[in-house]
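Novice: Quick one: structure below, then a few questions.
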Number of protein chains: 2
Amino acid sequence: MTSLPPLFSGLPYDNLSPVAQAAYRARGAAATLAPLPRAAKDDALLAIADALEVRTAEIVEANGKDTARAREAGTSESIVDRLTLTPERVRAIAADVRDVAALPDPVGEVVRGSTLPNGIDLRQVRVPLGVVGIIYEARPNVTVDAAALCLKSGNAVLLRGSSSAYESNTALVRVLRDAVHGAGLPADAVQLVPGENRDSVRELMRARGLVDVLIPRGGASLIKTVVEESTVPVIETGTGNCHVYVDADADLDMAVDILVNSKAQRPSVCNAAETLLVHADIADAFLPRALDALADAGVTVHADERVIAYADGSKATVVPATTEDWETEYLSYDIAAGIVDSLEQAVEHIRLWTSGHTEAIVTTSQQAARRFTQLVDSTTVAVNASTRFTDGSQFGFGAEIGISTQKLHARGPMGLPELTSTKYIVTGDGHTR
Amino acid sequence: MTSLPPLFSGLPYDNLSPVAQAAYRARGAAATLAPLPRAAKDDALLAIADALEVRTAEIVEANGKDTARAREAGTSESIVDRLTLTPERVRAIAADVRDVAALPDPVGEVVRGSTLPNGIDLRQVRVPLGVVGIIYEARPNVTVDAAALCLKSGNAVLLRGSSSAYESNTALVRVLRDAVHGAGLPADAVQLVPGENRDSVRELMRARGLVDVLIPRGGASLIKTVVEESTVPVIETGTGNCHVYVDADADLDMAVDILVNSKAQRPSVCNAAETLLVHADIADAFLPRALDALADAGVTVHADERVIAYADGSKATVVPATTEDWETEYLSYDIAAGIVDSLEQAVEHIRLWTSGHTEAIVTTSQQAARRFTQLVDSTTVAVNASTRFTDGSQFGFGAEIGISTQKLHARGPMGLPELTSTKYIVTGDGHTR
């Protein structure tokens, strides 16, 4: 057609911004990836894993520039540690890529199918989303992880890491692209979003029609910005203001174990508990033990007026809770605590303050477990289990691109199927209406 | 807890805007609806159907005010007709509600479940979305239709119809709320968004955290506004720039039938075809017949340079196509037409211009059908069938809340399951990590 711009065969890129150029190239790559059989994608993933091992020195050297810059800027050692890539860590990242290659391919799965009364064959088939944008913070392993999951699910990925990991991410993406190209797939399946400043992030968030979905991974403020400013559809991830509710009929040993595990096994992650709610009827029996156990785990308790009454004679560090404590995701050795007069009041509190991630109930009552499960509206409800189980790997998904706290598309830990959409195939013999 | 605002038992509403008040009331109703068994919801639906029939006169009278006002404003008779409710049409709407009651309840379905290696039982269960906002244009039957589908799927609904149907929608919602209340469910499960001006729509679009999803139903400009201005997650619906591609190996009779049916059986709907692409090898045999058949159906052809060459000696009305024609959803007796040199060029054209709704191929070649199906990235790909089959009722879903043209959450015709999310239930015996 005379007026047809060649979509796959090279656009007049010169008029476009670098971000739009990258997005167009990603669309072209996505069109190539979509119909690929599993073997072609797995070959590329294995080539990536090999390349990461062969070129470890190059990656570690680039990472050294990031960590040196971070230290110069006075970054805390814990954050520098999260940024650091050692040869051992690169090997672990390569092993994760091989694990992704071993997972089943979600693309092509027939989700439902039937022959309609008029004889038309209808099939709903899983297809890639297309172009996935990932906006993430410090840890450079996300670069490889996200690229591997997107590639396995037939998507092209646009990666926008933090500027603090710029050298590491640049080196990693160079290695990934070389490996993808070497395996016969388009290198543009994996791209770093050009530009180090915020304008390029903003442009990525407004690239509706070019980018199919944006997944922010990082702190609450990053996620809030992406959710509020994007016109591209977003999958909200990660914020976890998780609750443990100890019911009137709880087993006390179990309740203490689950509370301490939920709070303190790894406080920096989104599935750690941030608030304890205790039924008034069990408070006398439970709270003294719970406060001591939290103290042993090094946890400070932000207590409402009724919980504070139990602080005397306890080893616990107890401070008065403010309203703000109910909505805080501490990600530290802190927990808010309150007493409720009923399961319904616990549910009411949770529905008001939760980020909708994970809430646990400890109870021996089947009725209470059932009611809590029905009334709580979060991605995951745990009955007599730690909040820490909300995790793609714990759930047996083999991989996780994040934990969605929204209700559309995907909710809870997202594995490979959550990186796909579907399309309907209607097959007839000349059928008309 | 001392600081706990009572979420379900009445907020301090006075400080909130009318739209926020409605949204809060909807959240309360949604919390009540979520755990309801099917029978309770079906009873309410049957009560709605009965009430619509009993109170038909009240509804038709209110509708008369809208149609009178529309005629005074010089609205075209075809639009006045879409706005009009007759006793017969109200009966048909009531019958549709009974059909919804007869459909299976999606809520509670276990989507997947397993026992994890550590003995935890994991179940993913279908749950309502919560509060669904519908922003829609003229036709007042959407008011009842959307409310019935939301209620069946356990969702509270906030309805924002057009001001031209204000009296009709007010009367309908009054009848619906009375019936819902009479059936023992919260009347606030069904609400009209207060306010007739655009500020209330804007507020609805920004009610993130209160409203779980917005579904715009109407023209392209309405949908564009909602998609671009909402912070609430949106399901994009409806725009259909659908293509019919006639392959080199097409059966000519079938191709003519499918073309004419796709374009002219009902041109005003989103699954009608808007562009014809013809393989160059079959153009001599196909185009003269196609142009005559389109002329018989009253269709004007907006033709590229190569198609124009076939206009001489045809009865067709042929005008030159501009670039704009490739992206136009005519919704009228018009079609754009072009010649392509290969299936790949057809796909390239489609990927560039389509709204991603439905594309059809007519071919006797299994290879071509397979390749077209793989490469076209739209909600529905039809092989030797009319584009007009992309429809919830044709697909056997029994009901349709709209046709999603986005890739997240739902794609293609949306039935009851598409009005749900899921949550995970993790059940242990005191499991910790």
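For the structure tokens, the naming scheme is as follows: chains receive sequential letters (A, B, ...) according to their order of presentation, residues are indexed from 1 within each chain, and ligands are indexed from 1 in presentation order.
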Write out as a PyMOL selection string the residues lying within 9 Å of Leu343 of chain B, counting only C-alpha atoms and excluding same-chain residues fewer than 3 positions away.

Specialist: chain B and resi 245+247-248+279+340+346-348+368+371-372

Novice: Next, the residues of the selection above should be written as a PDB file, in the first residue's frame with N, CA and C atoms.

Specialist:
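Final output, out_33.pdb:
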```pdb
ATOM      1  N   TYR B 245      -9.038  -9.990   5.612  1.00  0.00           N
ATOM      2  CA  TYR B 245      -7.951 -10.225   4.665  1.00  0.00           C
ATOM      3  C   TYR B 245      -8.329 -11.412   3.779  1.00  0.00           C
ATOM      4  N   ASP B 247      -7.030 -13.930   1.279  1.00  0.00           N
ATOM      5  CA  ASP B 247      -5.733 -14.508   0.922  1.00  0.00           C
ATOM      6  C   ASP B 247      -5.703 -14.937  -0.547  1.00  0.00           C
ATOM      7  N   ALA B 248      -4.492 -15.172  -1.039  1.00  0.00           N
ATOM      8  CA  ALA B 248      -4.331 -15.618  -2.431  1.00  0.00           C
ATOM      9  C   ALA B 248      -5.133 -16.888  -2.707  1.00  0.00           C
ATOM     10  N   HIS B 279      -5.087  -9.979  -1.286  1.00  0.00           N
ATOM     11  CA  HIS B 279      -3.808 -10.411  -1.835  1.00  0.00           C
ATOM     12  C   HIS B 279      -3.776 -10.101  -3.337  1.00  0.00           C
ATOM     13  N   VAL B 340      -2.469  -5.984  -0.996  1.00  0.00           N
ATOM     14  CA  VAL B 340      -1.159  -6.294  -0.418  1.00  0.00           C
ATOM     15  C   VAL B 340      -0.499  -7.388  -1.244  1.00  0.00           C
ATOM     16  N   ALA B 346      -0.073  -7.962   4.757  1.00  0.00           N
ATOM     17  CA  ALA B 346      -1.392  -7.768   5.371  1.00  0.00           C
ATOM     18  C   ALA B 346      -1.259  -7.684   6.894  1.00  0.00           C
ATOM     19  N   VAL B 347      -0.477  -8.599   7.452  1.00  0.00           N
ATOM     20  CA  VAL B 347      -0.281  -8.602   8.910  1.00  0.00           C
ATOM     21  C   VAL B 347       0.372  -7.300   9.362  1.00  0.00           C
ATOM     22  N   GLU B 348       1.366  -6.867   8.577  1.00  0.00           N
ATOM     23  CA  GLU B 348       2.067  -5.632   8.916  1.00  0.00           C
ATOM     24  C   GLU B 348       1.085  -4.453   8.939  1.00  0.00           C
ATOM     25  N   ALA B 368      -1.476 -20.735   5.537  1.00  0.00           N
ATOM     26  CA  ALA B 368      -1.783 -19.303   5.650  1.00  0.00           C
ATOM     27  C   ALA B 368      -2.631 -19.039   6.889  1.00  0.00           C
ATOM     28  N   ARG B 371      -0.401 -19.209   9.914  1.00  0.00           N
ATOM     29  CA  ARG B 371       0.551 -18.108  10.030  1.00  0.00           C
ATOM     30  C   ARG B 371      -0.185 -16.819  10.425  1.00  0.00           C
ATOM     31  N   PHE B 372      -1.312 -16.563   9.808  1.00  0.00           N
ATOM     32  CA  PHE B 372      -2.101 -15.365  10.129  1.00  0.00           C
ATOM     33  C   PHE B 372      -2.512 -15.392  11.605  1.00  0.00           C
TER      34      PHE B 372
END
```

Novice: In segment 120-167 of chain B, what's strand (DSSP E or B) per DSSP? Answer as a list in words?

Specialist: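 Strand (DSSP E or B) members of segment 120-167 of chain B, listed: Asp121, Leu122, Arg123, Gln124, Val125, Arg126, Val127, Pro128, Val131, Val132, Gly133, Ile134, Ile135, Tyr136, Ala156, Val157, Leu158, Leu159 and Arg160 of chain B.
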
Novice: With only C-alpha atoms as the atoms that count, which of B:Asp178, B:Asp257, B:Glu77, B:Asp249 lies nearest to chain A?

Specialist: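 Ranked by minimum distance to chain A, first place goes to B:Asp257.
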
Novice: Please identify the helix (DSSP H, G or I) residues within segment 246-426 of chain A (assignment by DSSP from backbone atoms) and present them as a VMD selection string.

Specialist: chain A and resid 252 to 264 280 to 296 305 to 308 323 to 327 343 to 353 366 to 375 387 to 389 417 to 419

Novice: Contacts of segment 223-227 of chain B at 8 Å or less, counting only C-alpha atoms, minus same-chain residues fewer than 3 places along, as a ChimeraX atom specification?

Specialist: /A:231 /B:205,216-220,230,234,236-237

Novice: Store the residues of this selection in a file with N, CA, C and O atoms, as a CSV table (one decimal), in the first residue's frame.

Specialist:
```csv
chain,number,residue,atom,x,y,z
A,231,THR,N,0.0,6.1,31.8
A,231,THR,CA,-1.1,5.8,31.0
A,231,THR,C,-1.0,4.4,30.5
A,231,THR,O,-2.0,3.8,30.1
B,205,MET,N,-13.1,8.8,38.3
B,205,MET,CA,-11.9,8.3,37.6
B,205,MET,C,-10.7,8.4,38.5
B,205,MET,O,-9.7,7.7,38.3
B,216,PRO,N,-15.4,1.7,30.8
B,216,PRO,CA,-16.1,2.7,30.0
B,216,PRO,C,-16.8,1.9,28.8
B,216,PRO,O,-16.2,1.0,28.2
B,217,ARG,N,-18.1,2.3,28.6
B,217,ARG,CA,-18.8,1.7,27.4
B,217,ARG,C,-19.4,2.8,26.6
B,217,ARG,O,-20.2,3.5,27.1
B,218,GLY,N,-18.9,2.9,25.4
B,218,GLY,CA,-19.4,4.0,24.5
B,218,GLY,C,-18.5,4.3,23.4
B,218,GLY,O,-17.7,3.4,23.0
B,219,GLY,N,-18.5,5.5,22.9
B,219,GLY,CA,-17.7,5.9,21.8
B,219,GLY,C,-16.2,6.0,22.1
B,219,GLY,O,-15.8,6.0,23.2
B,220,ALA,N,-15.4,6.1,21.0
B,220,ALA,CA,-14.0,6.1,21.2
B,220,ALA,C,-13.5,7.3,22.0
B,220,ALA,O,-12.5,7.2,22.8
B,230,SER,N,-7.9,8.3,34.2
B,230,SER,CA,-8.2,7.5,35.4
B,230,SER,C,-6.9,7.1,36.1
B,230,SER,O,-5.9,6.7,35.5
B,234,VAL,N,-8.5,0.6,34.6
B,234,VAL,CA,-9.5,0.7,33.6
B,234,VAL,C,-9.5,-0.6,32.7
B,234,VAL,O,-8.4,-1.1,32.4
B,236,GLU,N,-10.2,-1.3,29.0
B,236,GLU,CA,-10.5,-0.6,27.8
B,236,GLU,C,-11.4,-1.5,26.9
B,236,GLU,O,-11.1,-2.6,26.7
B,237,THR,N,-12.5,-0.9,26.4
B,237,THR,CA,-13.4,-1.7,25.6
B,237,THR,C,-13.7,-1.1,24.3
B,237,THR,O,-13.6,0.1,24.1
```

Novice: Using only C-alpha atoms, which residues sit within 7 Å of Tyr424 of chain A once same-chain residues fewer than 6 positions away are excluded, as a list in words?

Specialist: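 Residues meeting the cut-off are Leu122, Arg123, Gln124 and Val125 of chain A; Thr379, Thr380 and Val381 of chain B.
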
Novice: Let's have the selection written as an mmCIF file, in the first residue's frame, with all heavy atoms.

Specialist:
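Output below, filename out.cif:
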```cif
data_model
loop_
_atom_site.group_PDB
_atom_site.id
_atom_site.type_symbol
_atom_site.label_atom_id
_atom_site.label_comp_id
_atom_site.auth_asym_id
_atom_site.auth_seq_id
_atom_site.Cartn_x
_atom_site.Cartn_y
_atom_site.Cartn_z
ATOM 1 N N LEU A 122 -14.124 -22.644 18.716
ATOM 2 C CA LEU A 122 -13.629 -21.498 19.485
ATOM 3 C C LEU A 122 -12.519 -21.976 20.414
ATOM 4 O O LEU A 122 -12.695 -22.939 21.154
ATOM 5 C CB LEU A 122 -14.776 -20.906 20.320
ATOM 6 C CG LEU A 122 -14.429 -19.710 21.206
ATOM 7 C CD1 LEU A 122 -14.112 -18.491 20.354
ATOM 8 C CD2 LEU A 122 -15.580 -19.397 22.166
ATOM 9 N N ARG A 123 -11.388 -21.299 20.345
ATOM 10 C CA ARG A 123 -10.293 -21.608 21.277
ATOM 11 C C ARG A 123 -9.772 -20.305 21.869
ATOM 12 O O ARG A 123 -9.617 -19.314 21.148
ATOM 13 C CB ARG A 123 -9.123 -22.280 20.544
ATOM 14 C CG ARG A 123 -9.294 -23.752 20.285
ATOM 15 C CD ARG A 123 -8.076 -24.294 19.555
ATOM 16 N NE ARG A 123 -7.871 -23.594 18.279
ATOM 17 C CZ ARG A 123 -6.686 -23.299 17.760
ATOM 18 N NH1 ARG A 123 -5.573 -23.632 18.391
ATOM 19 N NH2 ARG A 123 -6.587 -22.659 16.609
ATOM 20 N N GLN A 124 -9.510 -20.314 23.171
ATOM 21 C CA GLN A 124 -8.842 -19.181 23.802
ATOM 22 C C GLN A 124 -7.425 -19.631 24.130
ATOM 23 O O GLN A 124 -7.223 -20.582 24.889
ATOM 24 C CB GLN A 124 -9.581 -18.772 25.086
ATOM 25 C CG GLN A 124 -8.998 -17.522 25.739
ATOM 26 C CD GLN A 124 -9.689 -17.167 27.053
ATOM 27 O OE1 GLN A 124 -10.365 -18.000 27.653
ATOM 28 N NE2 GLN A 124 -9.514 -15.940 27.508
ATOM 29 N N VAL A 125 -6.445 -18.954 23.554
ATOM 30 C CA VAL A 125 -5.057 -19.417 23.603
ATOM 31 C C VAL A 125 -4.198 -18.383 24.317
ATOM 32 O O VAL A 125 -4.357 -17.178 24.103
ATOM 33 C CB VAL A 125 -4.521 -19.634 22.170
ATOM 34 C CG1 VAL A 125 -3.081 -20.130 22.190
ATOM 35 C CG2 VAL A 125 -5.404 -20.621 21.418
ATOM 36 N N THR B 379 -7.653 -9.329 19.839
ATOM 37 C CA THR B 379 -8.408 -10.155 20.788
ATOM 38 C C THR B 379 -8.910 -11.422 20.114
ATOM 39 O O THR B 379 -8.973 -12.480 20.728
ATOM 40 C CB THR B 379 -9.643 -9.429 21.379
ATOM 41 O OG1 THR B 379 -10.718 -9.474 20.454
ATOM 42 C CG2 THR B 379 -9.356 -8.002 21.753
ATOM 43 N N THR B 380 -9.281 -11.297 18.837
ATOM 44 C CA THR B 380 -9.882 -12.436 18.146
ATOM 45 C C THR B 380 -9.369 -12.506 16.709
ATOM 46 O O THR B 380 -9.318 -11.486 16.015
ATOM 47 C CB THR B 380 -11.421 -12.305 18.127
ATOM 48 O OG1 THR B 380 -11.876 -12.091 19.464
ATOM 49 C CG2 THR B 380 -12.074 -13.552 17.559
ATOM 50 N N VAL B 381 -8.983 -13.703 16.297
ATOM 51 C CA VAL B 381 -8.614 -13.943 14.911
ATOM 52 C C VAL B 381 -9.628 -14.939 14.352
ATOM 53 O O VAL B 381 -9.798 -16.036 14.900
ATOM 54 C CB VAL B 381 -7.191 -14.510 14.793
ATOM 55 C CG1 VAL B 381 -6.817 -14.706 13.338
ATOM 56 C CG2 VAL B 381 -6.191 -13.598 15.501
#
```

Novice: Considering only C-alpha atoms, state which residue in the set A:Ile93, A:Ser314, A:Asp105, A:Val131 is at the smallest distance from Arg208 of chain A.

Specialist: A:Val131

Novice: Taking into account only C-alpha atoms, which residue in the set B:Ala51, B:Ile135, B:Ala272, B:Leu129 is nearest to Phe389 of chain B?

Specialist: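 Ranked by minimum distance to Phe389 of chain B, first place goes to B:Ala272.
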
Novice: Could you list the residues in chain A lying within 7 Å of chain B, using only C-alpha atoms, and format the result as a ChimeraX atom specification?

Specialist: /A:1,3-4,7,35,129,228,231,254,258,261,323,338-340,348-349,352,374-375,378-386,388,407-409,411,421-433

Novice: In Å, rounded to a single decimal, give me how far atom CA of Thr328 of chain A is from atom CA of Ser221 of chain A.

Specialist: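 These atoms are spaced 13.0 Å apart.
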